[in-house]
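Asker: Quick one, upload.csv (CSV, C-alpha atoms):
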```
chain,number,residue,atom,x,y,z
L,1,MET,CA,-28.7,-93.6,1.9
L,2,PHE,CA,-29.9,-96.3,4.3
L,3,GLY,CA,-33.6,-97.4,4.8
L,4,GLU,CA,-35.4,-96.2,7.9
L,5,ALA,CA,-35.8,-99.8,9.2
L,6,SER,CA,-32.4,-101.0,7.9
L,7,ARG,CA,-30.8,-101.6,11.3
L,8,ASP,CA,-33.7,-103.4,13.0
L,9,ARG,CA,-32.0,-106.7,12.6
L,10,PHE,CA,-28.3,-107.3,12.6
L,11,PHE,CA,-25.8,-110.1,11.7
L,12,LEU,CA,-24.8,-112.3,14.7
L,13,GLY,CA,-22.1,-110.7,16.8
L,14,ALA,CA,-22.2,-107.2,15.1
L,15,GLY,CA,-21.0,-104.5,17.4
L,16,ASP,CA,-22.5,-101.0,17.8
L,17,ASP,CA,-19.3,-99.0,17.5
L,18,TYR,CA,-18.6,-98.1,13.9
L,19,GLY,CA,-15.3,-96.4,14.9
L,20,ALA,CA,-13.9,-99.6,16.5
L,21,ALA,CA,-14.9,-101.9,13.6
L,22,ARG,CA,-12.4,-103.1,11.0
L,23,VAL,CA,-15.1,-104.7,8.9
L,24,VAL,CA,-18.4,-103.1,7.9
L,25,LEU,CA,-21.3,-105.2,6.7
L,26,VAL,CA,-23.7,-103.7,4.1
L,27,GLY,CA,-26.8,-105.1,2.6
L,28,ALA,CA,-27.5,-104.4,-1.1
L,29,GLY,CA,-30.7,-106.1,-2.1
L,30,LEU,CA,-30.6,-105.3,-5.8
L,31,ASP,CA,-32.9,-107.6,-7.8
L,32,ALA,CA,-33.3,-105.8,-11.1
L,33,THR,CA,-31.6,-107.8,-13.9
L,34,VAL,CA,-32.1,-111.4,-12.6
L,35,CYS,CA,-33.4,-113.3,-15.5
L,36,PHE,CA,-34.5,-116.7,-14.0
L,37,ARG,CA,-35.7,-116.6,-10.4
L,38,PRO,CA,-36.3,-113.2,-8.8
L,39,GLY,CA,-36.1,-112.8,-5.0
L,40,THR,CA,-32.4,-111.9,-4.3
L,41,ARG,CA,-33.7,-108.6,-2.8
L,42,GLU,CA,-34.6,-110.7,0.3
L,43,GLY,CA,-31.0,-112.0,0.6
L,44,PRO,CA,-29.5,-109.6,3.1
L,45,GLY,CA,-32.4,-109.9,5.5
L,46,ALA,CA,-32.4,-113.7,5.3
L,47,VAL,CA,-28.7,-113.9,5.8
L,48,ARG,CA,-28.9,-111.8,9.0
L,49,HIS,CA,-32.0,-113.7,10.2
L,50,PHE,CA,-30.4,-117.1,9.9
L,51,SER,CA,-27.1,-115.9,11.3
L,52,GLN,CA,-28.8,-115.8,14.7
L,53,CYS,CA,-29.0,-119.7,14.5
L,54,LEU,CA,-25.2,-120.0,14.5
L,55,GLU,CA,-22.8,-120.3,17.4
L,56,GLU,CA,-20.6,-117.2,18.1
L,57,TYR,CA,-17.7,-119.6,18.8
L,58,SER,CA,-15.9,-121.4,15.9
L,59,LEU,CA,-14.8,-124.8,16.8
L,60,HIS,CA,-12.6,-124.9,13.8
L,61,LEU,CA,-10.8,-121.6,14.5
L,62,GLY,CA,-11.0,-121.7,18.2
L,63,ARG,CA,-12.2,-118.1,18.2
L,64,ASP,CA,-15.3,-116.1,19.0
L,65,ILE,CA,-16.9,-113.9,16.4
L,66,ARG,CA,-16.8,-110.9,18.8
L,67,GLU,CA,-13.0,-111.1,18.8
L,68,ALA,CA,-13.1,-109.6,15.3
L,69,PRO,CA,-15.2,-106.5,15.8
L,70,PHE,CA,-17.4,-105.6,12.8
L,71,TYR,CA,-20.3,-103.2,12.3
L,72,ASP,CA,-23.6,-103.9,10.4
L,73,CYS,CA,-24.9,-100.7,9.0
L,74,GLY,CA,-28.0,-102.2,7.4
L,75,ASP,CA,-29.1,-102.1,3.8
L,76,VAL,CA,-28.5,-99.4,1.2
L,77,ASP,CA,-31.8,-97.8,0.3
L,78,LEU,CA,-32.1,-98.6,-3.4
L,79,PRO,CA,-34.6,-97.0,-5.8
L,80,PHE,CA,-36.9,-99.5,-7.5
L,81,GLY,CA,-36.5,-99.6,-11.3
L,82,ASP,CA,-33.4,-97.3,-11.6
L,83,VAL,CA,-30.4,-99.6,-11.9
L,84,THR,CA,-28.0,-96.7,-12.7
L,85,GLU,CA,-28.9,-94.8,-9.5
L,86,ALA,CA,-28.8,-98.0,-7.5
L,87,LEU,CA,-25.3,-98.8,-8.6
L,88,ASP,CA,-24.2,-95.2,-7.9
L,89,ARG,CA,-25.6,-95.5,-4.3
L,90,ILE,CA,-23.8,-98.8,-3.7
L,91,GLU,CA,-20.6,-97.3,-5.0
L,92,GLN,CA,-20.9,-94.2,-2.7
L,93,VAL,CA,-21.5,-96.4,0.3
L,94,ALA,CA,-18.5,-98.6,-0.5
L,95,ALA,CA,-16.3,-95.5,-1.1
L,96,GLY,CA,-17.4,-94.1,2.3
L,97,VAL,CA,-16.5,-97.3,4.1
L,98,LEU,CA,-13.1,-97.5,2.4
L,99,SER,CA,-12.3,-93.8,3.1
L,100,ASP,CA,-12.8,-94.6,6.8
L,101,GLY,CA,-10.0,-97.2,6.5
L,102,LYS,CA,-12.4,-100.2,6.8
L,103,ILE,CA,-13.2,-103.3,4.8
L,104,PRO,CA,-16.6,-103.4,3.1
L,105,VAL,CA,-18.4,-106.7,3.1
L,106,PHE,CA,-21.6,-106.6,0.9
L,107,ILE,CA,-24.4,-109.0,1.0
L,108,GLY,CA,-26.6,-109.2,-2.1
L,109,GLY,CA,-28.7,-109.0,-4.0
L,110,GLU,CA,-27.8,-110.0,-7.5
L,111,HIS,CA,-24.3,-110.3,-8.7
L,112,LEU,CA,-24.3,-106.9,-10.4
L,113,ILE,CA,-23.7,-105.2,-7.0
L,114,THR,CA,-20.1,-106.4,-7.3
L,115,PHE,CA,-19.2,-103.9,-10.0
L,116,PRO,CA,-19.8,-100.6,-8.1
L,117,VAL,CA,-18.1,-102.0,-5.0
L,118,ILE,CA,-15.0,-103.0,-7.0
L,119,LYS,CA,-15.0,-99.6,-8.7
L,120,ALA,CA,-14.7,-98.0,-5.3
L,121,VAL,CA,-12.1,-100.5,-4.1
L,122,SER,CA,-10.0,-100.0,-7.2
L,123,ARG,CA,-9.7,-96.3,-6.6
L,124,ARG,CA,-8.2,-96.9,-3.2
L,125,TYR,CA,-6.3,-100.0,-4.1
L,126,PRO,CA,-5.3,-99.6,-7.8
L,127,GLU,CA,-3.4,-103.0,-7.8
L,128,VAL,CA,-6.4,-105.0,-6.5
L,129,VAL,CA,-6.9,-108.5,-7.9
L,130,VAL,CA,-10.3,-110.3,-7.8
L,131,LEU,CA,-11.1,-113.8,-6.8
L,132,HIS,CA,-14.4,-114.8,-8.4
L,133,LEU,CA,-16.1,-118.0,-7.1
L,134,ASP,CA,-19.2,-118.8,-9.1
L,135,ALA,CA,-21.1,-121.4,-11.2
L,136,HIS,CA,-21.3,-118.9,-14.1
L,137,ALA,CA,-18.5,-117.0,-15.9
L,138,ASP,CA,-20.6,-113.8,-16.1
L,139,LEU,CA,-18.4,-112.6,-19.0
L,140,ARG,CA,-21.1,-111.8,-21.6
L,141,ASP,CA,-20.6,-108.4,-23.2
L,142,GLU,CA,-24.4,-108.0,-23.3
L,143,TYR,CA,-27.3,-110.0,-22.0
L,144,LEU,CA,-30.8,-109.4,-23.4
L,145,GLY,CA,-29.5,-106.2,-24.9
L,146,VAL,CA,-28.2,-104.8,-21.6
L,147,ARG,CA,-24.5,-104.2,-20.7
L,148,PHE,CA,-25.0,-104.0,-17.0
L,149,SER,CA,-26.5,-107.3,-15.8
L,150,HIS,CA,-25.8,-110.1,-13.4
L,151,ALA,CA,-24.6,-112.0,-16.5
L,152,THR,CA,-22.1,-109.4,-17.6
L,153,VAL,CA,-20.7,-108.2,-14.3
L,154,MET,CA,-17.3,-109.8,-14.6
L,155,ARG,CA,-16.9,-108.6,-18.1
L,156,ARG,CA,-17.3,-105.0,-16.8
L,157,VAL,CA,-14.8,-105.8,-14.0
L,158,VAL,CA,-12.2,-107.0,-16.5
L,159,GLU,CA,-12.7,-103.9,-18.6
L,160,LEU,CA,-12.3,-101.8,-15.4
L,161,LEU,CA,-9.1,-103.5,-14.1
L,162,GLY,CA,-7.5,-104.9,-17.2
L,163,PRO,CA,-6.6,-108.4,-18.3
L,164,GLY,CA,-5.1,-111.0,-15.9
L,165,ARG,CA,-6.5,-109.6,-12.7
L,166,VAL,CA,-9.6,-111.7,-12.3
L,167,TYR,CA,-9.3,-115.3,-11.2
L,168,GLN,CA,-12.4,-117.4,-11.7
L,169,PHE,CA,-13.0,-120.7,-9.8
L,170,GLY,CA,-15.7,-123.3,-10.0
L,171,ILE,CA,-17.2,-122.1,-13.3
L,172,ARG,CA,-19.4,-124.8,-14.9
L,173,SER,CA,-21.6,-122.7,-17.1
L,174,ALA,CA,-20.4,-120.4,-19.9
L,175,ASP,CA,-21.0,-119.9,-23.6
L,176,ARG,CA,-18.3,-120.2,-26.3
L,177,ALA,CA,-17.7,-116.4,-26.5
L,178,GLU,CA,-17.2,-116.2,-22.7
L,179,VAL,CA,-14.7,-119.0,-22.8
L,180,ALA,CA,-12.8,-117.3,-25.6
L,181,PHE,CA,-12.8,-114.0,-23.8
L,182,ALA,CA,-11.6,-115.7,-20.6
L,183,ARG,CA,-8.7,-117.3,-22.4
L,184,ASP,CA,-7.1,-113.9,-23.1
L,185,ASN,CA,-8.4,-111.9,-20.1
L,186,THR,CA,-8.9,-114.0,-16.9
L,187,ARG,CA,-7.5,-117.0,-15.1
L,188,LEU,CA,-10.3,-119.5,-15.5
L,189,TYR,CA,-10.5,-122.7,-13.5
L,190,PRO,CA,-13.6,-124.6,-14.7
L,191,TYR,CA,-15.2,-126.8,-12.1
L,192,GLN,CA,-12.2,-126.6,-9.7
L,193,VAL,CA,-12.0,-124.6,-6.5
L,194,SER,CA,-9.8,-125.8,-3.6
L,195,GLU,CA,-6.7,-126.9,-5.4
L,196,PRO,CA,-6.2,-124.0,-7.8
L,197,LEU,CA,-7.4,-121.5,-5.1
L,198,ALA,CA,-4.7,-122.7,-2.8
L,199,ALA,CA,-2.0,-122.1,-5.5
L,200,VAL,CA,-3.4,-118.7,-6.4
L,201,CYS,CA,-3.6,-117.6,-2.8
L,202,ARG,CA,0.1,-118.3,-2.5
L,203,GLU,CA,0.8,-116.3,-5.7
L,204,ILE,CA,-1.2,-113.2,-4.7
L,205,ALA,CA,-0.4,-113.1,-1.0
L,206,ALA,CA,1.3,-109.7,-1.2
L,207,LYS,CA,-1.5,-108.1,-3.3
L,208,PRO,CA,-4.7,-106.4,-2.2
L,209,VAL,CA,-7.5,-108.9,-2.9
L,210,TYR,CA,-11.3,-108.5,-3.5
L,211,VAL,CA,-13.4,-111.7,-3.2
L,212,THR,CA,-16.8,-112.1,-4.8
L,213,LEU,CA,-18.7,-115.3,-3.9
L,214,ASP,CA,-21.8,-116.2,-5.8
L,215,MET,CA,-23.7,-118.8,-3.8
L,216,ASP,CA,-24.6,-120.8,-6.9
L,217,LEU,CA,-21.0,-122.0,-6.7
L,218,VAL,CA,-22.4,-124.5,-4.2
L,219,ASP,CA,-24.4,-127.4,-5.6
L,220,PRO,CA,-28.2,-126.8,-5.4
L,221,ALA,CA,-28.5,-129.9,-3.3
L,222,TYR,CA,-26.8,-127.9,-0.5
L,223,ALA,CA,-27.8,-124.3,-1.5
L,224,PRO,CA,-31.1,-124.3,-3.4
L,225,GLY,CA,-31.9,-120.7,-2.6
L,226,VAL,CA,-30.0,-118.9,-5.4
L,227,GLY,CA,-31.0,-116.9,-8.4
L,228,THR,CA,-29.7,-119.3,-11.1
L,229,PRO,CA,-29.0,-122.8,-9.7
L,230,GLU,CA,-26.5,-125.0,-11.6
L,231,PRO,CA,-26.0,-128.7,-10.9
L,232,GLY,CA,-22.5,-130.2,-10.4
L,233,GLY,CA,-21.3,-127.7,-7.8
L,234,ILE,CA,-19.2,-128.1,-4.6
L,235,SER,CA,-20.5,-129.1,-1.2
L,236,SER,CA,-21.2,-126.9,1.8
L,237,GLY,CA,-18.1,-128.3,3.5
L,238,GLU,CA,-15.9,-127.6,0.5
L,239,ILE,CA,-16.9,-123.9,0.4
L,240,ILE,CA,-16.0,-123.6,4.1
L,241,GLU,CA,-12.6,-125.1,3.4
L,242,ALA,CA,-12.2,-122.6,0.5
L,243,VAL,CA,-13.1,-119.6,2.7
L,244,TYR,CA,-10.5,-120.6,5.3
L,245,GLN,CA,-7.8,-120.1,2.6
L,246,PHE,CA,-8.6,-116.4,2.5
L,247,ALA,CA,-7.0,-116.0,5.9
L,248,ARG,CA,-3.5,-115.7,4.2
L,249,LEU,CA,-4.7,-112.9,2.0
L,250,ASP,CA,-4.9,-109.1,2.3
L,251,ILE,CA,-8.6,-108.9,1.8
L,252,VAL,CA,-9.7,-105.3,1.0
L,253,GLY,CA,-13.3,-106.0,0.1
L,254,LEU,CA,-15.7,-108.9,-0.2
L,255,ASP,CA,-19.3,-109.8,-1.3
L,256,VAL,CA,-21.6,-112.7,-1.1
L,257,VAL,CA,-24.3,-112.5,-3.7
L,258,GLU,CA,-27.3,-114.3,-5.3
L,259,VAL,CA,-28.8,-115.5,-2.1
L,260,ASN,CA,-32.5,-116.1,-2.8
L,261,PRO,CA,-34.4,-117.3,0.3
L,262,VAL,CA,-37.6,-117.6,-1.7
L,263,TYR,CA,-36.4,-120.9,-3.1
L,264,ASP,CA,-34.8,-122.4,0.1
L,265,PRO,CA,-37.5,-124.1,2.2
L,266,GLY,CA,-34.8,-124.9,4.9
```
Would you put the structure from the file into structure tokens?

Answerer:
Amino acid sequence: MFGEASRDRFFLGAGDDYGAARVVLVGAGLDATVCFRPGTREGPGAVRHFSQCLEEYSLHLGRDIREAPFYDCGDVDLPFGDVTEALDRIEQVAAGVLSDGKIPVFIGGEHLITFPVIKAVSRRYPEVVVLHLDAHADLRDEYLGVRFSHATVMRRVVELLGPGRVYQFGIRSADRAEVAFARDNTRLYPYQVSEPLAAVCREIAAKPVYVTLDMDLVDPAYAPGVGTPEPGGISSGEIIEAVYQFARLDIVGLDVVEVNPVYDPG
């Protein structure tokens, strides 16, 4: 299920004891339906590589990353050109992590990887709600004639979970049909992140929560290395402030997607 060389490079501070870990990091470099700038398959490796430039101690939190033991199990070995099989493998890995009582954290890869992970999470936590932070609504029913795409992923999630369980923040790109669908099926906060996120975090504090963070939420001036950049986003400082709000939640799964290092010269 994992590539032969998948554990040759790890995220900063990752432990070597799977049993002791509460959180399990998984790379899923799917890059099959990206329509603008391919390259997200390189995301997991780049995130791990550049994590080595960070300090293990957080000045803001006053804690060391090794105080929160986590395990990096490498990348899911995905078949090239077979999206259905790739999604099945991602779901199997997520289900295995969850069955061991651990929290899966996936690094993409394109945004489509979110759907199989949430499928696995929803079986274990049927009442899960989803926080979706993104520049794009991703609520199309089809895109280029395809129902499973990075542009349709949240539509599939809503169909899986039902209306009212997906909260969307920072959205600044959507077509008319997506906005109409969101009006009846999601909680949509266009352009806004911090203020509505704080209110929603208080509202859902007692529920199991899945977070999906598309890096194009951040303005391309700060994060140019994404699959589909969109101007008018938040700053790098604002995304850090937003992430700190998750501390009050019962996070049962998380992903960070659409990292495309090919377009980030920094």

Asker: Closest to Ile234 of chain L among L:Phe148, L:Glu85, L:Ile204, L:Ala135, using only C-alpha atoms?

Answerer: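 Closest to Ile234 of chain L, using only C-alpha atoms: L:Ala135.
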
Asker: L:Ala20, L:Ile239, L:Ala94, L:Ile107: which is nearest Glu67 of chain L, counting only C-alpha atoms?

Answerer: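 Selected residue with least distance to Glu67 of chain L: L:Ala20.
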
Asker: L:Ile113, L:Ala120, L:Val157, L:Val243: which is nearest Thr40 of chain L, counting all atoms listed in the file?

Answerer: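 That would be L:Ile113, the residue with the smallest distance to Thr40 of chain L.
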
Asker: Find the spatial neighbours of Phe10 of chain L, counting only C-alpha atoms, within a cut-off of 7 Å - ignore same-chain residues fewer than 4 positions away - and output them as an mmCIF file with C-alpha atoms, in the frame of the given file.

Answerer:
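File result_10.cif, as written:
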```cif
data_model
loop_
_atom_site.group_PDB
_atom_site.id
_atom_site.type_symbol
_atom_site.label_atom_id
_atom_site.label_comp_id
_atom_site.auth_asym_id
_atom_site.auth_seq_id
_atom_site.Cartn_x
_atom_site.Cartn_y
_atom_site.Cartn_z
ATOM 1 C CA ALA L 14 -22.200 -107.200 15.100
ATOM 2 C CA ARG L 48 -28.900 -111.800 9.000
ATOM 3 C CA ASP L 72 -23.600 -103.900 10.400
#
```

Asker: Which one of L:Val24, L:Val200, L:Val193, L:Val209 sits closest to Tyr125 of chain L if you count all atoms listed in the file?

Answerer: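 Nearest to Tyr125 of chain L: L:Val209.
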
Asker: For Gly101 of chain L, which residue among L:Val211, L:Leu54, L:Val252, L:Ala28 is the nearest when counting only C-alpha atoms?

Answerer: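 For Gly101 of chain L, the nearest of the candidates is L:Val252.
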
Asker: Would you list the residues near (-19.1, -119.1, -10.2) (no more than 10 Å away, in the coordinates of the file, using all atoms listed in the file) as number ranges by chain?

Answerer: L: 132-138, 168-174, 189-191, 193, 212-218, 230, 233

Asker: Could you tell me which of L:Gln192, L:Ser51, L:Thr84, L:Asn185 comes closest to Ser149 of chain L if we count only C-alpha atoms?

Answerer: L:Thr84
